[in-house]
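Text of final_7.cif (mmCIF, C-alpha atoms) as supplied:
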data_structure
loop_
_atom_site.group_PDB
_atom_site.id
_atom_site.type_symbol
_atom_site.label_atom_id
_atom_site.label_comp_id
_atom_site.auth_asym_id
_atom_site.auth_seq_id
_atom_site.Cartn_x
_atom_site.Cartn_y
_atom_site.Cartn_z
ATOM 1 C CA MET A 1 -29.174 -161.313 71.478
ATOM 2 C CA THR A 2 -27.817 -164.839 71.876
ATOM 3 C CA LYS A 3 -26.807 -167.006 68.969
ATOM 4 C CA ASN A 4 -28.606 -170.324 68.616
ATOM 5 C CA PRO A 5 -25.741 -172.863 68.617
ATOM 6 C CA LEU A 6 -27.825 -175.439 66.705
ATOM 7 C CA LYS A 7 -29.372 -173.220 64.054
ATOM 8 C CA LYS A 8 -30.921 -175.639 61.569
ATOM 9 C CA PRO A 9 -30.991 -174.938 57.837
ATOM 10 C CA ALA A 10 -34.168 -175.859 56.003
ATOM 11 C CA ILE A 11 -33.896 -178.763 53.583
ATOM 12 C CA ASP A 12 -37.581 -179.369 52.851
ATOM 13 C CA ASP A 13 -37.404 -177.113 49.801
ATOM 14 C CA LEU A 14 -34.469 -175.955 47.746
ATOM 15 C CA PRO A 15 -33.406 -172.432 48.652
ATOM 16 C CA ALA A 16 -35.458 -169.799 46.826
ATOM 17 C CA PHE A 17 -32.354 -167.661 46.314
ATOM 18 C CA TRP A 18 -30.792 -170.232 43.957
ATOM 19 C CA SER A 19 -31.290 -169.214 40.330
ATOM 20 C CA PRO A 20 -30.814 -170.889 36.956
ATOM 21 C CA LEU A 21 -27.807 -170.102 34.779
ATOM 22 C CA SER A 22 -28.417 -167.314 32.300
ATOM 23 C CA ASP A 23 -26.679 -166.861 28.958
ATOM 24 C CA GLU A 24 -24.707 -163.992 30.546
ATOM 25 C CA ASP A 25 -23.641 -166.301 33.401
ATOM 26 C CA ILE A 26 -22.389 -168.877 30.914
ATOM 27 C CA THR A 27 -20.350 -166.236 29.085
ATOM 28 C CA VAL A 28 -18.785 -165.000 32.334
ATOM 29 C CA LEU A 29 -18.088 -168.539 33.599
ATOM 30 C CA ARG A 30 -16.452 -169.582 30.335
ATOM 31 C CA LYS A 31 -14.222 -166.512 30.485
ATOM 32 C CA ARG A 32 -13.299 -167.176 34.119
ATOM 33 C CA ASN A 33 -12.542 -170.819 33.405
ATOM 34 C CA SER A 34 -10.875 -170.482 30.004
ATOM 35 C CA ARG A 35 -7.669 -172.133 31.223
ATOM 36 C CA ARG A 36 -9.215 -175.152 32.911
ATOM 37 C CA ARG A 37 -11.565 -177.973 32.080
ATOM 38 C CA PHE A 38 -15.034 -176.632 32.783
ATOM 39 C CA ASP A 39 -18.158 -178.767 32.418
ATOM 40 C CA LEU A 40 -21.388 -176.745 32.337
ATOM 41 C CA SER A 41 -23.445 -179.940 32.653
ATOM 42 C CA MET A 42 -22.254 -180.200 36.283
ATOM 43 C CA ILE A 43 -23.994 -176.969 37.254
ATOM 44 C CA HIS A 44 -27.394 -177.239 38.869
ATOM 45 C CA SER A 45 -27.858 -173.508 39.556
ATOM 46 C CA VAL A 46 -26.282 -170.305 40.813
ATOM 47 C CA ALA A 47 -26.376 -170.175 44.608
ATOM 48 C CA ALA A 48 -24.954 -166.706 45.230
ATOM 49 C CA ARG A 49 -24.368 -163.579 43.212
ATOM 50 C CA CYS A 50 -22.474 -160.398 43.973
ATOM 51 C CA SER A 51 -24.161 -157.000 43.859
ATOM 52 C CA TYR A 52 -23.058 -156.765 40.190
ATOM 53 C CA SER A 53 -25.206 -159.884 39.501
ATOM 54 C CA PHE A 54 -22.221 -162.085 38.609
ATOM 55 C CA PRO A 55 -22.151 -165.675 39.931
ATOM 56 C CA GLN A 56 -20.057 -166.072 43.075
ATOM 57 C CA VAL A 57 -21.064 -169.633 43.980
ATOM 58 C CA LEU A 58 -22.426 -172.429 41.818
ATOM 59 C CA VAL A 59 -24.454 -175.439 42.928
ATOM 60 C CA CYS A 60 -22.906 -178.565 41.406
ATOM 61 C CA ARG A 61 -24.705 -181.812 40.729
ATOM 62 C CA PRO A 62 -23.601 -184.734 42.917
ATOM 63 C CA HIS A 63 -22.649 -186.867 39.893
ATOM 64 C CA ARG A 64 -20.616 -186.286 36.769
ATOM 65 C CA ARG A 65 -21.999 -187.181 33.364
ATOM 66 C CA GLY A 66 -20.525 -190.687 33.552
ATOM 67 C CA GLY A 67 -22.000 -191.255 37.007
ATOM 68 C CA ALA A 68 -18.869 -190.746 39.120
ATOM 69 C CA PRO A 69 -19.605 -188.850 42.340
ATOM 70 C CA PHE A 70 -18.712 -185.175 42.585
ATOM 71 C CA PRO A 71 -18.301 -184.351 46.284
ATOM 72 C CA THR A 72 -18.447 -180.562 46.199
ATOM 73 C CA MET A 73 -21.955 -179.174 46.062
ATOM 74 C CA PHE A 74 -20.949 -175.521 46.258
ATOM 75 C CA TRP A 75 -18.235 -174.207 43.952
ATOM 76 C CA LEU A 76 -16.620 -170.824 44.509
ATOM 77 C CA THR A 77 -16.371 -169.066 41.161
ATOM 78 C CA CYS A 78 -15.718 -165.448 42.178
ATOM 79 C CA PRO A 79 -12.106 -164.472 41.330
ATOM 80 C CA PHE A 80 -12.004 -161.938 44.162
ATOM 81 C CA LEU A 81 -13.070 -164.498 46.785
ATOM 82 C CA ASP A 82 -10.847 -167.156 45.247
ATOM 83 C CA ARG A 83 -7.815 -164.893 45.712
ATOM 84 C CA LYS A 84 -8.909 -163.849 49.218
ATOM 85 C CA CYS A 85 -9.293 -167.486 50.308
ATOM 86 C CA GLY A 86 -5.847 -168.315 48.935
ATOM 87 C CA GLU A 87 -4.346 -165.450 50.921
ATOM 88 C CA LEU A 88 -6.038 -166.642 54.117
ATOM 89 C CA GLU A 89 -4.860 -170.218 53.539
ATOM 90 C CA SER A 90 -1.285 -168.952 53.208
ATOM 91 C CA LEU A 91 -1.713 -167.451 56.691
ATOM 92 C CA GLN A 92 -2.499 -170.943 58.119
ATOM 93 C CA LYS A 93 -6.184 -170.104 58.688
ATOM 94 C CA ILE A 94 -7.298 -173.671 57.934
ATOM 95 C CA ARG A 95 -5.750 -174.826 61.203
ATOM 96 C CA GLU A 96 -7.567 -172.026 63.026
ATOM 97 C CA LEU A 97 -10.914 -173.035 61.515
ATOM 98 C CA GLU A 98 -10.313 -176.689 62.443
ATOM 99 C CA GLU A 99 -9.827 -175.608 66.073
ATOM 100 C CA LEU A 100 -13.057 -173.635 65.930
ATOM 101 C CA PHE A 101 -14.839 -176.716 64.550
ATOM 102 C CA ARG A 102 -13.565 -178.709 67.557
ATOM 103 C CA ALA A 103 -15.224 -176.165 69.842
ATOM 104 C CA ARG A 104 -18.523 -176.398 67.926
ATOM 105 C CA GLN A 105 -18.850 -180.169 67.622
ATOM 106 C CA ALA A 106 -22.635 -180.481 67.705
ATOM 107 C CA GLU A 107 -23.220 -177.710 65.200
ATOM 108 C CA VAL A 108 -20.545 -179.026 62.814
ATOM 109 C CA SER A 109 -22.033 -182.548 62.898
ATOM 110 C CA LEU A 110 -25.509 -181.198 62.190
ATOM 111 C CA TRP A 111 -24.089 -179.076 59.349
ATOM 112 C CA HIS A 112 -22.513 -182.128 57.684
ATOM 113 C CA GLU A 113 -25.700 -184.189 58.081
ATOM 114 C CA LYS A 114 -27.949 -181.502 56.616
ATOM 115 C CA TYR A 115 -25.481 -180.914 53.769
ATOM 116 C CA ALA A 116 -25.633 -184.610 52.830
ATOM 117 C CA LEU A 117 -29.451 -184.440 52.787
ATOM 118 C CA LEU A 118 -29.491 -181.247 50.721
ATOM 119 C CA ARG A 119 -27.025 -182.755 48.264
ATOM 120 C CA LYS A 120 -29.138 -185.881 47.967
ATOM 121 C CA SER A 121 -32.229 -183.738 47.310
ATOM 122 C CA ILE A 122 -30.732 -182.458 44.028
ATOM 123 C CA SER A 123 -29.391 -185.833 42.946
ATOM 124 C CA LEU A 124 -30.923 -187.540 39.957
ATOM 125 C CA LYS A 125 -29.931 -190.906 41.438
ATOM 126 C CA ASP A 126 -31.519 -192.570 44.433
ATOM 127 C CA ILE A 127 -28.360 -193.528 46.287
ATOM 128 C CA ASP A 128 -27.054 -192.924 49.754
ATOM 129 C CA MET A 129 -24.758 -189.898 50.136
ATOM 130 C CA PRO A 130 -22.911 -190.577 53.366
ATOM 131 C CA THR A 131 -20.318 -187.822 53.156
ATOM 132 C CA GLY A 132 -20.675 -184.296 54.405
ATOM 133 C CA VAL A 133 -19.428 -180.941 53.182
ATOM 134 C CA GLY A 134 -17.042 -181.289 50.250
ATOM 135 C CA GLY A 135 -17.047 -185.083 50.449
ATOM 136 C CA ILE A 136 -15.596 -185.079 53.965
ATOM 137 C CA ASN A 137 -16.344 -188.207 55.964
ATOM 138 C CA TRP A 138 -17.279 -186.322 59.110
ATOM 139 C CA HIS A 139 -17.616 -189.526 61.132
ATOM 140 C CA ASP A 140 -13.878 -190.220 60.765
ATOM 141 C CA ALA A 141 -12.660 -186.621 60.415
ATOM 142 C CA PRO A 142 -15.288 -184.394 62.069
ATOM 143 C CA TYR A 143 -13.110 -181.273 62.160
ATOM 144 C CA ALA A 144 -11.524 -181.578 58.716
ATOM 145 C CA VAL A 145 -11.374 -178.471 56.554
ATOM 146 C CA LYS A 146 -10.375 -179.204 52.964
ATOM 147 C CA CYS A 147 -9.886 -175.581 52.010
ATOM 148 C CA LEU A 148 -11.289 -172.157 52.744
ATOM 149 C CA HIS A 149 -12.664 -171.909 49.200
ATOM 150 C CA LEU A 150 -15.032 -174.765 50.025
ATOM 151 C CA GLN A 151 -15.996 -173.207 53.359
ATOM 152 C CA VAL A 152 -16.772 -169.802 51.864
ATOM 153 C CA ALA A 153 -18.665 -171.344 48.936
ATOM 154 C CA THR A 154 -20.770 -173.442 51.293
ATOM 155 C CA TRP A 155 -21.521 -170.481 53.560
ATOM 156 C CA LEU A 156 -22.499 -168.126 50.718
ATOM 157 C CA GLY A 157 -24.264 -170.804 48.668
ATOM 158 C CA TRP A 158 -26.336 -172.161 51.535
ATOM 159 C CA ARG A 159 -26.357 -169.063 53.728
ATOM 160 C CA TYR A 160 -25.577 -171.338 56.624
ATOM 161 C CA HIS A 161 -22.260 -172.258 58.234
ATOM 162 C CA PRO A 162 -21.281 -173.181 61.801
ATOM 163 C CA ALA A 163 -18.404 -170.678 61.619
ATOM 164 C CA GLU A 164 -20.209 -167.882 59.799
ATOM 165 C CA ASP A 165 -19.007 -165.324 62.333
ATOM 166 C CA TRP A 166 -15.375 -166.390 61.842
ATOM 167 C CA LEU A 167 -15.666 -166.359 58.043
ATOM 168 C CA LYS A 168 -17.144 -162.843 58.065
ATOM 169 C CA GLU A 169 -14.346 -161.626 60.296
ATOM 170 C CA GLN A 170 -11.619 -163.202 58.168
ATOM 171 C CA LEU A 171 -12.967 -162.087 54.784
ATOM 172 C CA GLU A 172 -14.104 -158.608 55.856
ATOM 173 C CA VAL A 173 -15.887 -158.181 52.476
ATOM 174 C CA THR A 174 -17.426 -160.742 50.129
ATOM 175 C CA GLU A 175 -17.052 -158.991 46.798
ATOM 176 C CA CYS A 176 -14.767 -156.679 44.868
ATOM 177 C CA ALA A 177 -15.453 -152.973 44.697
ATOM 178 C CA CYS A 178 -15.833 -152.697 40.909
ATOM 179 C CA GLY A 179 -17.303 -155.845 39.315
ATOM 180 C CA ILE A 180 -14.093 -156.385 37.336
ATOM 181 C CA CYS A 181 -14.649 -160.133 36.957
ATOM 182 C CA GLY A 182 -17.590 -159.625 34.624
ATOM 183 C CA LYS A 183 -16.070 -156.974 32.408
ATOM 184 C CA ARG A 184 -15.147 -157.907 28.885
ATOM 185 C CA ASP A 185 -11.632 -157.584 27.523
ATOM 186 C CA ASP A 186 -12.631 -154.276 25.901
ATOM 187 C CA GLY A 187 -13.473 -152.821 29.354
ATOM 188 C CA GLN A 188 -17.260 -152.944 28.936
#
Please rewrite the model in this file as structure tokens.
Amino acid sequence: MTKNPLKKPAIDDLPAFWSPLSDEDITVLRKRNSRRRFDLSMIHSVAARCSYSFPQVLVCRPHRRGGAPFPTMFWLTCPFLDRKCGELESLQKIRELEELFRARQAEVSLWHEKYALLRKSISLKDIDMPTGVGGINWHDAPYAVKCLHLQVATWLGWRYHPAEDWLKEQLEVTECACGICGKRDDGQ
């Protein structure tokens, strides 16, 4: 079986696997983000969940309440994946992914273009969104990788990534073994 190098994600409709935030999601997200500024109004939906049904990736609106742009459409919220991405970044894996992007130029360009269109499709404002994944200006920096958190969030949240094979190999697993992130302080 050969891999299609220009696999195109659909953008005609929003992905059916995205789901609205539930009250349980809000409780878990508030707990996870208790030490940082967390604005629920930025969340459009949940893009990916682990097998324990906890949010792993959120879909963020392209604009903050005041109208300022928010460049990251997919936000990694899983503590397990957050830690795993940090470990990989400490091993200089960003540089490795940038080299892989150089080898997959056409697919990376298409990925950025389709991301900008998908992001615009959930915008409440009718404005041009010229940047690609994570706000990267792929015309000037086509191989830029902001962080692995963004890459993993985009892959899991969209189920499309030009380096999906590399991400799978690096992560090995995409969730913890026990669902610890959703447990309450009393162990329940």
Would you be able to write out as a PyMOL selection string which residues have an atom within 12 Å of (-22.5, -172.3, 54.1) in the file's coordinates, counting all atoms listed in the file?
chain A and resi 8-9+47-48+57+59+73-76+108+111-112+114-115+118+133-134+148-165+167-168
Write out as a list in words which residues come within 9 Å of stretch 85-87 of chain A when counting only C-alpha atoms, dropping same-chain ones fewer than 2 positions away.
Phe80, Leu81, Asp82, Arg83, Glu89, Ser90, Leu91, Cys147, Leu148, His149, Val152 and Leu171 of chain A
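Interatomic distance, atom CA of A:Arg61 against atom CA of A:Lys120: 9.4 Å.
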Run the PyMOL selection byres ((chain A and resi 51-56) around 6) on the file and write out the hits as an MDAnalysis selection string.
chainID A and resid 48:50 57 77:78 179
Selection: 12 Å around A:Leu124, all atoms listed in the file, excl. self and same-chain fewer than 4 positions, as an MDAnalysis selection string:
chainID A and resid 42 44 61:65 67 69 119:120 128
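Against the coordinates shown, the PyMOL selection byres ((chain A and resi 143) around 9) returns Leu97, Glu98, Glu99, Leu100, Phe101, Arg102, Gln105, Val108, Trp138, Ala141, Pro142, Ala144 and Val145 of chain A.
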Suppose we keep C-alpha atoms; can you now write the selection as a compact mmCIF listing (two decimals), in the frame of the given file?
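The resulting again31.txt:
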# COMPACT_ATOMS: atom_id res chain seq x y z
CA LEU A 97 -10.91 -173.04 61.52
CA GLU A 98 -10.31 -176.69 62.44
CA GLU A 99 -9.83 -175.61 66.07
CA LEU A 100 -13.06 -173.64 65.93
CA PHE A 101 -14.84 -176.72 64.55
CA ARG A 102 -13.56 -178.71 67.56
CA GLN A 105 -18.85 -180.17 67.62
CA VAL A 108 -20.54 -179.03 62.81
CA TRP A 138 -17.28 -186.32 59.11
CA ALA A 141 -12.66 -186.62 60.42
CA PRO A 142 -15.29 -184.39 62.07
CA ALA A 144 -11.52 -181.58 58.72
CA VAL A 145 -11.37 -178.47 56.55
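Interatomic distance, atom CA of A:Arg95 to atom CA of A:Cys181: 29.7 Å.
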Just checking: using all atoms listed in the file, which residue out of A:Thr131, A:Ser109, A:Ser19, A:Ser121 ends up closest to A:Ser45?
A:Ser19
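In this model, the gap between atom CA of A:Ala68 and atom CA of A:Ser22 comes to 26.2 Å.
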Return as lines of an AutoDock Vina configuration file the centre and edge lengths, in Å with one decimal, of the box along x, y and z that encloses every atom of stretch 65-83 of chain A in the file, padded by 6 Å per side.
center_x = -14.9
center_y = -176.6
center_z = 40.1
size_x = 26.2
size_y = 41.3
size_z = 25.4
Could you tell me which residues the PyMOL selection byres ((chain A and resi 31-33) around 10) grabs in this file, written as an mmCIF file with C-alpha atoms, in the frame of the given file?
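out29.cif, written as the output of this step:
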data_model
loop_
_atom_site.group_PDB
_atom_site.id
_atom_site.type_symbol
_atom_site.label_atom_id
_atom_site.label_comp_id
_atom_site.auth_asym_id
_atom_site.auth_seq_id
_atom_site.Cartn_x
_atom_site.Cartn_y
_atom_site.Cartn_z
ATOM 1 C CA ASP A 25 -23.641 -166.301 33.401
ATOM 2 C CA ILE A 26 -22.389 -168.877 30.914
ATOM 3 C CA THR A 27 -20.350 -166.236 29.085
ATOM 4 C CA VAL A 28 -18.785 -165.000 32.334
ATOM 5 C CA LEU A 29 -18.088 -168.539 33.599
ATOM 6 C CA ARG A 30 -16.452 -169.582 30.335
ATOM 7 C CA SER A 34 -10.875 -170.482 30.004
ATOM 8 C CA ARG A 35 -7.669 -172.133 31.223
ATOM 9 C CA ARG A 36 -9.215 -175.152 32.911
ATOM 10 C CA ARG A 37 -11.565 -177.973 32.080
ATOM 11 C CA PHE A 38 -15.034 -176.632 32.783
ATOM 12 C CA ASP A 39 -18.158 -178.767 32.418
ATOM 13 C CA THR A 77 -16.371 -169.066 41.161
ATOM 14 C CA CYS A 78 -15.718 -165.448 42.178
ATOM 15 C CA PRO A 79 -12.106 -164.472 41.330
ATOM 16 C CA CYS A 181 -14.649 -160.133 36.957
ATOM 17 C CA GLY A 182 -17.590 -159.625 34.624
ATOM 18 C CA LYS A 183 -16.070 -156.974 32.408
ATOM 19 C CA ARG A 184 -15.147 -157.907 28.885
ATOM 20 C CA ASP A 185 -11.632 -157.584 27.523
#
